[in-house]
Amino acid sequence: MTQDLRLTVAAELERARARTTLLTDAVDDGDLVRQHSPLMSPLVWDLAHVGNQEELWLVRDVGGREPVRRDIDELYDAFKHPRPNRPALPLLDPAEARAYVGQVRDKALDVLDRVRLTDRKLVAGGFAFGMIVQHEQQHAETMLATHQLRAGAPVLQAPAPPPARVSASGEVLIPGGPFTMGTDTEPWALDNERPAHPVDVPAFFIDVAPVTNAEYAAFIADGGYDDPRWWSRRGWAHRQEAGLSAPMHWRRDGDGWAYTRFGRTERVVADEPVVHVCFFEAEAYASWAGRRLPTEAEWEKAARHDPATGRSRRYPWGDDAPGPEHANLGQRHLAPARVGAYPEGASPLGVHQLIGDVWEWTDSGFHGYPGFEVFPYAEYSQVFFGGDYKVLRGGSFGTDAAACRGTFRNWDHPIRRQIFSGFRCARDAGPLAATDGLEAV
Ligand SMILES: [Fe+2]
């Protein structure tokens with residue numbers, strides 16, 4: 001197992017670096033050091049920060065080696081410098097940053113060759129390496145979001161996502177009762193996904209697929225952005241202040257809509273999940289539709305609970321790692337796929353596209369599970385618990401499989417929409433649905 005694990009870790013590190021390289025080689029040095037939005041870091045900051053985290057954890061902590069560049073730790077500490085301030089820092093230039101991450105990687109691979117993977121909790125099951133793989137892949141998604149905000153000619157391309165293969169509309173009843181939320185067994189799960197614990201979730205209905213562009217456009221056409229009835233108090237205040245009138249990157253195109261993606265403008269595709277909406281927009285849509293957003297526990301139950309066995313799966317389709325037939329992940333495509341494109345990725349009860357395509361806003365804040373233990377450091381999750389965040393689930397087309405699973409939790413401020421965020425709706429089922437099914441209603 002140890003040799004296999006080393007090979008897996010090395011391959012995953014390599015895969016993450018290939019993506020970082022693609023996203024940073026796609027633009028010239030001027031673009032790498034520029035800040036494309038105050039919401040984002042310059043790409044060259046992400047690049048060296050990825051290397052710096054790898055140095056801190058794998059080279060210094062796991063490997064016990066001398067620092068490569070102790071002098072730059074402070075510059076790449078995300079807590080010391082918020083994103084708007086990063087361009088003014090004396091950052092490594094693109095050539096220095098590339099040389100630095102290469103040097104760190106050589107040392108990290110040497111550490112991987114020599115370390116005994118069972119010695120400490122930090123390295124058991126390859127955890128620290130998995131954490132660094134996930135960190136780099138998470139920054140690859142952040143860098144992809146920066147590309148979406150970048151002005152100028154397109155520099156990224158990818159094949160179109162697969163077409164719809166089945167119709168995926170309406171809602172599914174998820175019966176009431178307990179299920180196991182979180183995990184004790186995923187070797188690379190982060191502290192906030194642990195421990196596994198039972199949660200009793202009353203019966204509810206959840207959408208078969210994420211809300212589509214056509215459905216969202218109907219909300220706009222019905223005056224949804226101009227009617228405070230559908231918005232929470234905070235949501236309406238934000239809608240007013242930010243002047244929201246459609247998802248980010250949308251603009252009017254004749255009697256319809258167009259959006260710009262990675263530098264290309266095209267007509268909005270009707271049956272694709274809507275993306276680049278904030279929590280408040282999702283909440284307003286749901287309320288207009290006579291529905292609500294699912295809680296985080298409802299989302300995870302819909303995604304993982306197998307009613308036939310009573311156990312929670314790793315993914316909606318089972319325990320197998322995500323393949324191209326299951327979900328739109330890993331920047332294989334640079335857009336969400338139409339609803340119904342992944343019948344093989346559906347859950348046992350027939351909920352589609354929970355993994356991949358778009359992150360899905362839930363109605364839950366970010367908190368530790370009962371029995372939560374900080375590991376390996378408080379700044380990973382704990383410092384964010386109870387903050388002004390909503391949890392997002394399921395990953396997007398920009399998320400790598402290494403940083404996406406049925407238990408994976410993302411969180412962001414409810415006003416954020418530069419991320420690849422969409423949603424689906426839910427509603428209460430009531431007590432009858434929990435026992436005899438709908439015939440009784
Ligand atoms: Fe980071």
# chains A, B, ... in the order shown; residues from 1 in each chain; ligands from 1
>>> closest_atom_pairs(of="chain A", to="ligand 1", cutoff="9 Å", atoms="only C-alpha atoms and all ligand atoms", output="JSON lines")
{"residue": "A:Asp46", "atom": "CA", "partner": "ligand 1", "partner_atom_place_in_ligand_line": "1 (Fe)", "distance": 7.5}
{"residue": "A:His49", "atom": "CA", "partner": "ligand 1", "partner_atom_place_in_ligand_line": "1 (Fe)", "distance": 6.6}
{"residue": "A:Val50", "atom": "CA", "partner": "ligand 1", "partner_atom_place_in_ligand_line": "1 (Fe)", "distance": 6.6}
{"residue": "A:Gln53", "atom": "CA", "partner": "ligand 1", "partner_atom_place_in_ligand_line": "1 (Fe)", "distance": 7.4}
{"residue": "A:Tyr76", "atom": "CA", "partner": "ligand 1", "partner_atom_place_in_ligand_line": "1 (Fe)", "distance": 8.6}
{"residue": "A:Asp77", "atom": "CA", "partner": "ligand 1", "partner_atom_place_in_ligand_line": "1 (Fe)", "distance": 8.2}
{"residue": "A:Ala78", "atom": "CA", "partner": "ligand 1", "partner_atom_place_in_ligand_line": "1 (Fe)", "distance": 6.5}
{"residue": "A:His135", "atom": "CA", "partner": "ligand 1", "partner_atom_place_in_ligand_line": "1 (Fe)", "distance": 6.1}
{"residue": "A:Glu136", "atom": "CA", "partner": "ligand 1", "partner_atom_place_in_ligand_line": "1 (Fe)", "distance": 7.6}
{"residue": "A:Gln138", "atom": "CA", "partner": "ligand 1", "partner_atom_place_in_ligand_line": "1 (Fe)", "distance": 7.7}
{"residue": "A:His139", "atom": "CA", "partner": "ligand 1", "partner_atom_place_in_ligand_line": "1 (Fe)", "distance": 6.5}
>>> residues_around(residues="range 194-211 of chain A", least_positions_apart="3", cutoff="7 Å", atoms="only C-alpha atoms", output="number ranges by chain")
A: 168-184, 191, 215-216, 273-274, 298, 339, 350-353, 369, 371-372, 423-430, 433-434
>>> write_last_selection(atoms="C-alpha atoms", output="mmCIF file, in the first residue's frame")
data_model
loop_
_atom_site.group_PDB
_atom_site.id
_atom_site.type_symbol
_atom_site.label_atom_id
_atom_site.label_comp_id
_atom_site.auth_asym_id
_atom_site.auth_seq_id
_atom_site.Cartn_x
_atom_site.Cartn_y
_atom_site.Cartn_z
ATOM 1 C CA ALA A 168 -34.042 16.062 -15.707
ATOM 2 C CA SER A 169 -36.772 18.249 -14.228
ATOM 3 C CA GLY A 170 -39.260 18.249 -11.383
ATOM 4 C CA GLU A 171 -38.484 17.155 -7.857
ATOM 5 C CA VAL A 172 -37.757 14.033 -5.850
ATOM 6 C CA LEU A 173 -39.052 13.075 -2.409
ATOM 7 C CA ILE A 174 -36.294 12.263 0.057
ATOM 8 C CA PRO A 175 -37.956 10.240 2.854
ATOM 9 C CA GLY A 176 -37.554 11.378 6.445
ATOM 10 C CA GLY A 177 -35.237 9.706 8.936
ATOM 11 C CA PRO A 178 -31.630 9.671 10.038
ATOM 12 C CA PHE A 179 -28.612 9.463 7.774
ATOM 13 C CA THR A 180 -24.858 9.643 8.335
ATOM 14 C CA MET A 181 -23.428 13.090 7.574
ATOM 15 C CA GLY A 182 -19.683 13.719 7.307
ATOM 16 C CA THR A 183 -16.944 11.098 7.293
ATOM 17 C CA ASP A 184 -14.431 9.221 9.431
ATOM 18 C CA ASP A 191 -11.239 18.578 9.489
ATOM 19 C CA GLU A 215 -35.945 29.144 -15.170
ATOM 20 C CA TYR A 216 -33.843 31.959 -13.783
ATOM 21 C CA PRO A 273 -27.568 25.453 -14.741
ATOM 22 C CA VAL A 274 -27.459 29.154 -13.903
ATOM 23 C CA GLU A 298 -30.660 18.001 3.198
ATOM 24 C CA VAL A 339 -29.280 19.369 -17.080
ATOM 25 C CA GLY A 350 -32.737 10.104 -9.056
ATOM 26 C CA VAL A 351 -31.221 13.473 -8.142
ATOM 27 C CA HIS A 352 -28.915 14.646 -10.939
ATOM 28 C CA GLN A 353 -25.738 16.712 -11.136
ATOM 29 C CA TYR A 369 -19.887 19.185 13.268
ATOM 30 C CA GLY A 371 -17.174 16.364 17.918
ATOM 31 C CA PHE A 372 -15.167 18.610 15.562
ATOM 32 C CA PHE A 423 -28.328 26.383 -6.679
ATOM 33 C CA ARG A 424 -31.308 24.069 -6.624
ATOM 34 C CA CYS A 425 -34.528 24.407 -4.638
ATOM 35 C CA ALA A 426 -36.240 22.283 -2.005
ATOM 36 C CA ARG A 427 -39.458 22.304 0.011
ATOM 37 C CA ASP A 428 -40.914 20.618 3.065
ATOM 38 C CA ALA A 429 -42.785 17.390 2.411
ATOM 39 C CA GLY A 430 -44.958 17.333 5.503
ATOM 40 C CA ALA A 433 -44.973 12.044 2.774
ATOM 41 C CA ALA A 434 -42.660 10.634 5.407
#
>>> select_by_dssp(residues="range 40-222 of chain A", states="helix (DSSP H, G or I)", output="ChimeraX atom specification")
/A:43-62,70-72,74-76,83-88,94-114,124-149,191-193,213-221
>>> atom_distance(atom1="CA of Ala289 in chain A", atom2="CA of Thr260 in chain A")
26.7 Å
>>> closest_residue(among="A:Glu96, A:Glu373, A:Asp61, A:Asp400", to="Ala140 in chain A", atoms="only C-alpha atoms")
A:Asp400
>>> closest_residue(among="A:Arg261, A:His249, A:Lys301, A:Arg60", to="Val155 in chain A", atoms="only C-alpha atoms")
A:Arg261
>>> residues_around(residues="Ala128 in chain A", least_positions_apart="5", cutoff="12 Å", atoms="only C-alpha atoms", output="PyMOL selection string")
chain A and resi 9+13+53-63+108+111-112+115+117-118+120-123+133-135+187-190+375-377
>>> write_last_selection(atoms="N, CA and C atoms", output="CSV table (one decimal), in the first residue's frame")
chain,number,residue,atom,x,y,z
A,9,VAL,N,0.1,9.8,-4.7
A,9,VAL,CA,0.4,11.1,-4.3
A,9,VAL,C,1.2,11.9,-5.3
A,13,LEU,N,0.0,15.2,-7.3
A,13,LEU,CA,0.8,16.5,-7.2
A,13,LEU,C,1.1,16.9,-8.6
A,53,GLN,N,2.9,27.3,0.6
A,53,GLN,CA,2.1,26.3,1.4
A,53,GLN,C,2.8,24.9,1.3
A,54,GLU,N,3.2,24.5,0.2
A,54,GLU,CA,3.8,23.2,0.0
A,54,GLU,C,5.2,23.2,0.7
A,55,GLU,N,5.9,24.3,0.7
A,55,GLU,CA,7.1,24.4,1.4
A,55,GLU,C,6.9,24.3,2.9
A,56,LEU,N,5.9,25.0,3.5
A,56,LEU,CA,5.6,25.0,4.9
A,56,LEU,C,5.3,23.7,5.4
A,57,TRP,N,4.4,23.0,4.7
A,57,TRP,CA,3.8,21.7,5.2
A,57,TRP,C,4.7,20.5,4.8
A,58,LEU,N,5.1,20.4,3.5
A,58,LEU,CA,5.7,19.2,3.1
A,58,LEU,C,7.3,19.3,3.3
A,59,VAL,N,7.9,20.4,2.9
A,59,VAL,CA,9.3,20.5,3.0
A,59,VAL,C,9.7,20.7,4.5
A,60,ARG,N,9.2,21.7,5.1
A,60,ARG,CA,9.6,22.0,6.5
A,60,ARG,C,9.0,21.1,7.6
A,61,ASP,N,7.7,21.0,7.6
A,61,ASP,CA,7.0,20.2,8.6
A,61,ASP,C,7.2,18.7,8.5
A,62,VAL,N,6.7,18.2,7.4
A,62,VAL,CA,6.8,16.7,7.2
A,62,VAL,C,8.2,16.3,7.0
A,63,GLY,N,9.0,17.1,6.1
A,63,GLY,CA,10.3,16.7,5.8
A,63,GLY,C,11.4,17.1,6.8
A,108,ALA,N,9.8,18.5,-2.2
A,108,ALA,CA,8.6,17.8,-1.7
A,108,ALA,C,8.6,16.4,-2.2
A,111,VAL,N,11.0,14.4,-0.2
A,111,VAL,CA,10.5,14.1,1.1
A,111,VAL,C,9.5,12.9,0.9
A,112,LEU,N,8.7,12.9,-0.1
A,112,LEU,CA,7.7,11.9,-0.4
A,112,LEU,C,8.4,10.5,-0.5
A,115,VAL,N,9.9,9.7,3.4
A,115,VAL,CA,9.1,9.8,4.6
A,115,VAL,C,8.4,8.5,4.8
A,117,LEU,N,5.1,7.0,5.7
A,117,LEU,CA,3.8,7.6,5.6
A,117,LEU,C,2.9,7.3,6.9
A,118,THR,N,3.4,6.4,7.7
A,118,THR,CA,2.6,6.0,8.9
A,118,THR,C,3.1,6.7,10.2
A,120,ARG,N,3.3,9.7,11.6
A,120,ARG,CA,2.5,10.7,12.4
A,120,ARG,C,1.1,10.9,11.8
A,121,LYS,N,0.2,11.4,12.6
A,121,LYS,CA,-1.1,11.6,12.1
A,121,LYS,C,-1.1,12.5,10.9
A,122,LEU,N,-0.2,13.5,10.8
A,122,LEU,CA,-0.2,14.4,9.7
A,122,LEU,C,0.1,13.7,8.4
A,123,VAL,N,0.9,12.6,8.5
A,123,VAL,CA,1.2,11.9,7.2
A,123,VAL,C,0.5,10.6,7.0
A,133,VAL,N,-2.3,18.8,-2.2
A,133,VAL,CA,-2.9,18.6,-3.6
A,133,VAL,C,-4.2,19.3,-3.6
A,134,GLN,N,-5.1,19.2,-2.6
A,134,GLN,CA,-6.4,19.9,-2.6
A,134,GLN,C,-6.2,21.4,-2.6
A,135,HIS,N,-5.2,21.8,-1.8
A,135,HIS,CA,-5.0,23.3,-1.8
A,135,HIS,C,-4.6,23.8,-3.1
A,187,PRO,N,-9.6,9.3,3.5
A,187,PRO,CA,-8.3,9.6,4.1
A,187,PRO,C,-7.9,11.1,3.9
A,188,TRP,N,-8.4,11.7,2.9
A,188,TRP,CA,-7.9,13.1,2.7
A,188,TRP,C,-9.0,14.1,3.0
A,189,ALA,N,-10.1,13.7,3.7
A,189,ALA,CA,-11.1,14.6,4.1
A,189,ALA,C,-10.5,15.6,5.1
A,190,LEU,N,-11.0,16.9,5.0
A,190,LEU,CA,-10.5,17.9,5.8
A,190,LEU,C,-11.2,17.9,7.2
A,375,PHE,N,-7.7,20.1,12.8
A,375,PHE,CA,-6.6,19.3,12.3
A,375,PHE,C,-6.3,19.8,10.8
A,376,PRO,N,-5.2,20.1,10.4
A,376,PRO,CA,-4.0,20.2,11.3
A,376,PRO,C,-3.8,21.6,11.9
A,377,TYR,N,-4.7,22.6,11.5
A,377,TYR,CA,-4.5,24.0,12.0
A,377,TYR,C,-5.8,24.7,12.0
>>> residues_around(residues="Asn52 in chain A", least_positions_apart="6", cutoff="8 Å", atoms="only C-alpha atoms", output="PyMOL selection string")
chain A and resi 73+76+101+104
>>> residues_around(residues="His81 in chain A", least_positions_apart="4", cutoff="12 Å", atoms="only C-alpha atoms", output="PyMOL selection string")
chain A and resi 40-41+45+49+73-77+85-89+91
>>> write_last_selection(atoms="N, CA and C atoms", output="PDB file, in the first residue's frame")
ATOM      1  N   MET A  40      -9.893  39.317  -6.303  1.00  0.00           N
ATOM      2  CA  MET A  40      -8.976  38.223  -6.590  1.00  0.00           C
ATOM      3  C   MET A  40      -7.523  38.674  -6.405  1.00  0.00           C
ATOM      4  N   SER A  41      -6.652  37.697  -6.227  1.00  0.00           N
ATOM      5  CA  SER A  41      -5.217  37.982  -6.176  1.00  0.00           C
ATOM      6  C   SER A  41      -4.679  38.060  -7.592  1.00  0.00           C
ATOM      7  N   TRP A  45       0.536  35.828  -7.471  1.00  0.00           N
ATOM      8  CA  TRP A  45       0.459  35.598  -6.012  1.00  0.00           C
ATOM      9  C   TRP A  45      -0.001  34.174  -5.745  1.00  0.00           C
ATOM     10  N   HIS A  49       2.102  31.416  -3.701  1.00  0.00           N
ATOM     11  CA  HIS A  49       1.422  30.998  -2.466  1.00  0.00           C
ATOM     12  C   HIS A  49       1.240  29.478  -2.433  1.00  0.00           C
ATOM     13  N   ASP A  73       7.669  34.058   3.520  1.00  0.00           N
ATOM     14  CA  ASP A  73       6.487  33.459   4.177  1.00  0.00           C
ATOM     15  C   ASP A  73       5.391  34.491   4.402  1.00  0.00           C
ATOM     16  N   GLU A  74       5.796  35.636   4.898  1.00  0.00           N
ATOM     17  CA  GLU A  74       4.835  36.647   5.303  1.00  0.00           C
ATOM     18  C   GLU A  74       4.035  37.177   4.109  1.00  0.00           C
ATOM     19  N   LEU A  75       4.704  37.313   2.966  1.00  0.00           N
ATOM     20  CA  LEU A  75       4.044  37.854   1.765  1.00  0.00           C
ATOM     21  C   LEU A  75       2.902  36.974   1.274  1.00  0.00           C
ATOM     22  N   TYR A  76       3.075  35.667   1.513  1.00  0.00           N
ATOM     23  CA  TYR A  76       2.115  34.711   0.943  1.00  0.00           C
ATOM     24  C   TYR A  76       1.206  34.123   2.010  1.00  0.00           C
ATOM     25  N   ASP A  77       1.129  34.807   3.147  1.00  0.00           N
ATOM     26  CA  ASP A  77       0.213  34.392   4.207  1.00  0.00           C
ATOM     27  C   ASP A  77      -1.137  35.063   3.929  1.00  0.00           C
ATOM     28  N   ASN A  85      -4.992  44.009  -1.142  1.00  0.00           N
ATOM     29  CA  ASN A  85      -3.674  44.579  -0.851  1.00  0.00           C
ATOM     30  C   ASN A  85      -2.520  43.832  -1.526  1.00  0.00           C
ATOM     31  N   ARG A  86      -2.813  42.689  -2.099  1.00  0.00           N
ATOM     32  CA  ARG A  86      -1.708  41.832  -2.561  1.00  0.00           C
ATOM     33  C   ARG A  86      -0.886  42.402  -3.719  1.00  0.00           C
ATOM     34  N   PRO A  87      -1.520  43.152  -4.659  1.00  0.00           N
ATOM     35  CA  PRO A  87      -0.690  43.642  -5.775  1.00  0.00           C
ATOM     36  C   PRO A  87       0.405  44.603  -5.332  1.00  0.00           C
ATOM     37  N   ALA A  88       0.218  45.291  -4.196  1.00  0.00           N
ATOM     38  CA  ALA A  88       1.209  46.280  -3.751  1.00  0.00           C
ATOM     39  C   ALA A  88       2.384  45.632  -3.019  1.00  0.00           C
ATOM     40  N   LEU A  89       2.325  44.343  -2.774  1.00  0.00           N
ATOM     41  CA  LEU A  89       3.401  43.675  -2.028  1.00  0.00           C
ATOM     42  C   LEU A  89       4.611  43.442  -2.942  1.00  0.00           C
ATOM     43  N   LEU A  91       6.148  41.171  -4.375  1.00  0.00           N
ATOM     44  CA  LEU A  91       5.993  39.747  -4.697  1.00  0.00           C
ATOM     45  C   LEU A  91       7.132  39.253  -5.586  1.00  0.00           C
TER      46      LEU A  91
END
>>> select_by_dssp(residues="range 67-258 of chain A", states="strand (DSSP E or B)", output="list in words")
Glu171, Val172, Leu173, Ile174, Gly177, Pro178, Phe179, Thr180, Met181, His197, Pro198, Val199, Asp200, Val201, Phe204, Phe205, Ile206, Asp207, Thr212, Trp250, Arg251, Arg252, Asp253, Gly256, Trp257 and Ala258 of chain A
>>> closest_residue(among="A:Asp226, A:Glu272, A:Glu360, A:Asp93", to="Leu47 in chain A", atoms="only C-alpha atoms")
A:Asp93
>>> atom_distance(atom1="CA of Arg314 in chain A", atom2="CA of Ala335 in chain A")
24.4 Å
>>> residues_around(residues="Gly224 in chain A", least_positions_apart="6", cutoff="9 Å", atoms="only C-alpha atoms", output="ChimeraX atom specification")
/A:218,230-231,245,284-285,288
>>> closest_residue(among="A:Gly323, A:Phe219, A:Asn213, A:Phe279", to="Trp236 in chain A", atoms="only C-alpha atoms")
A:Phe279
